[in-house]
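A.B. asks: This is the structure I have questions about; it appears just below.
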Amino acid sequence: MKNERLVIWNPLVNNPFSRFDNEMIFVKMVYETNFVLIFKDYRSANEYTFTYEKKEKPYPIITFRIFEEMARPDIEDLISKMVVENINEGRDKLEYEPTFYKVENSCFLRWYDSIFGAREVLQPNAEHHLFITSNFFIEVLSEQQPNITLEIKENKK
């Protein structure tokens, strides 16, 4: 069995977020017809809405989980391994600390499959998306990419 591995995911063009330099603040989650995550840019107060839309399948996501923690040792280990792997493969060092990842060989997905084995047939293209915010780790299993909208807010600093 392969080990988990993080891959940097860039769902935003001109991504303003950097994990320690410009934190992404989790504002709220809504799960009615669509699964919606709203984040705020710490510096500008602009809001980014990530919407997993209900389409032809019954649900927009498979499942999700949220950890309210400042750090998760398992995720920190995966980030460290990714950095070392990038250096060993001769890639440039990142100039920011990413906040969006996809998790390959996901333990979360394997756990879900252990309780609902039909997922592999019903939703064979599931991905594990990881959002790292200022104080939450949000993980989403879905076959789709979220649609992202930006609401520009007036900065009152």
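Letters for chains follow the order of the structure tokens (A, B, ...), residue numbers begin at 1 for each chain, and ligand numbers begin at 1 in the order shown.
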Can you list, as a PyMOL selection string, every protein, DNA or RNA residue that comes within 12 Å of Lys81 of chain A when you count only C-alpha atoms, leaving out same-chain residues fewer than 6 positions away?

C.D. replies: chain A and resi 3-7+74-75+87-88

A.B. asks: Based on the backbone DSSP call, show me all residues of segment 28-156 of chain A assigned helix (DSSP H, G or I), as a PyMOL selection string.

C.D. replies: chain A and resi 73-88+107-115+119-122

A.B. asks: Just the strand (DSSP E or B) stuff from segment 96-144 of chain A, please, per backbone DSSP, written as a ChimeraX atom specification.

C.D. replies: /A:100-104,127-132,136-142

A.B. asks: Taking only C-alpha atoms into account, name the residue in A:Gly117, A:Thr99, A:Ile152, A:Pro124 that is nearest to Leu12 of chain A.

C.D. replies: A:Thr99

A.B. asks: Do you know which residues are at most 8 Å from Thr133 of chain A counting only C-alpha atoms, after dropping those on the same chain fewer than 5 positions away, and could you put them as a list in words?

C.D. replies: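 Returned residues: Arg19, Glu23, Met24, Ile25, Phe26, Thr99 and Ile138 of chain A.
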
A.B. asks: Output N, CA, C and O atoms for every residue in the selection just made, as a PDB file, in the first residue's frame.

C.D. replies:
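That gives us out-v8.pdb:
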```pdb
ATOM      1  N   ARG A  19       0.247  30.273   3.973  1.00  0.00           N
ATOM      2  CA  ARG A  19      -0.126  29.725   5.270  1.00  0.00           C
ATOM      3  C   ARG A  19       0.309  30.554   6.467  1.00  0.00           C
ATOM      4  O   ARG A  19      -0.441  30.713   7.418  1.00  0.00           O
ATOM      5  N   GLU A  23      -2.788  34.439   6.025  1.00  0.00           N
ATOM      6  CA  GLU A  23      -3.636  33.307   6.366  1.00  0.00           C
ATOM      7  C   GLU A  23      -5.014  33.394   5.723  1.00  0.00           C
ATOM      8  O   GLU A  23      -5.558  34.466   5.523  1.00  0.00           O
ATOM      9  N   MET A  24      -5.536  32.221   5.455  1.00  0.00           N
ATOM     10  CA  MET A  24      -6.888  32.082   4.955  1.00  0.00           C
ATOM     11  C   MET A  24      -7.778  31.854   6.176  1.00  0.00           C
ATOM     12  O   MET A  24      -7.540  30.944   6.960  1.00  0.00           O
ATOM     13  N   ILE A  25      -8.791  32.680   6.339  1.00  0.00           N
ATOM     14  CA  ILE A  25      -9.666  32.594   7.504  1.00  0.00           C
ATOM     15  C   ILE A  25     -10.967  31.911   7.093  1.00  0.00           C
ATOM     16  O   ILE A  25     -11.622  32.327   6.137  1.00  0.00           O
ATOM     17  N   PHE A  26     -11.320  30.860   7.821  1.00  0.00           N
ATOM     18  CA  PHE A  26     -12.562  30.139   7.555  1.00  0.00           C
ATOM     19  C   PHE A  26     -13.723  30.953   8.105  1.00  0.00           C
ATOM     20  O   PHE A  26     -13.763  31.270   9.284  1.00  0.00           O
ATOM     21  N   THR A  99      -1.768  26.619   1.036  1.00  0.00           N
ATOM     22  CA  THR A  99      -2.938  26.366   1.869  1.00  0.00           C
ATOM     23  C   THR A  99      -3.877  25.349   1.231  1.00  0.00           C
ATOM     24  O   THR A  99      -4.805  24.883   1.871  1.00  0.00           O
ATOM     25  N   ILE A 138      -9.609  21.555   6.823  1.00  0.00           N
ATOM     26  CA  ILE A 138     -10.863  21.127   6.227  1.00  0.00           C
ATOM     27  C   ILE A 138     -10.530  20.155   5.102  1.00  0.00           C
ATOM     28  O   ILE A 138      -9.716  20.469   4.225  1.00  0.00           O
TER      29      ILE A 138
END
```

A.B. asks: Measure the distance from atom CA of Pro58 of chain A to atom CA of Phe131 of chain A in Å and round it to one decimal.

C.D. replies: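 Atom CA of Pro58 of chain A sits 23.7 Å away from atom CA of Phe131 of chain A.
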
A.B. asks: With only C-alpha atoms as the basis for distance, which of A:Arg91, A:Arg65, A:Lys28, A:Lys153 is at the shortest distance from His128 of chain A?

C.D. replies: A:Arg65

A.B. asks: Between atom CA of Ile148 of chain A and atom CA of Asn135 of chain A, what is the spacing in Å?

C.D. replies: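 Separation of atom CA of Asn135 of chain A and atom CA of Ile148 of chain A: 21.2 Å.
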
A.B. asks: Excluding Ser142 of chain A and any residue of its chain fewer than 3 positions from it, enumerate the residues within 6 Å of it, using only C-alpha atoms, and give them as a list in words.

C.D. replies: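 Neighbouring residues, sequence-local ones excluded: Ile61, Ile62, Ala126 and Glu127 of chain A.
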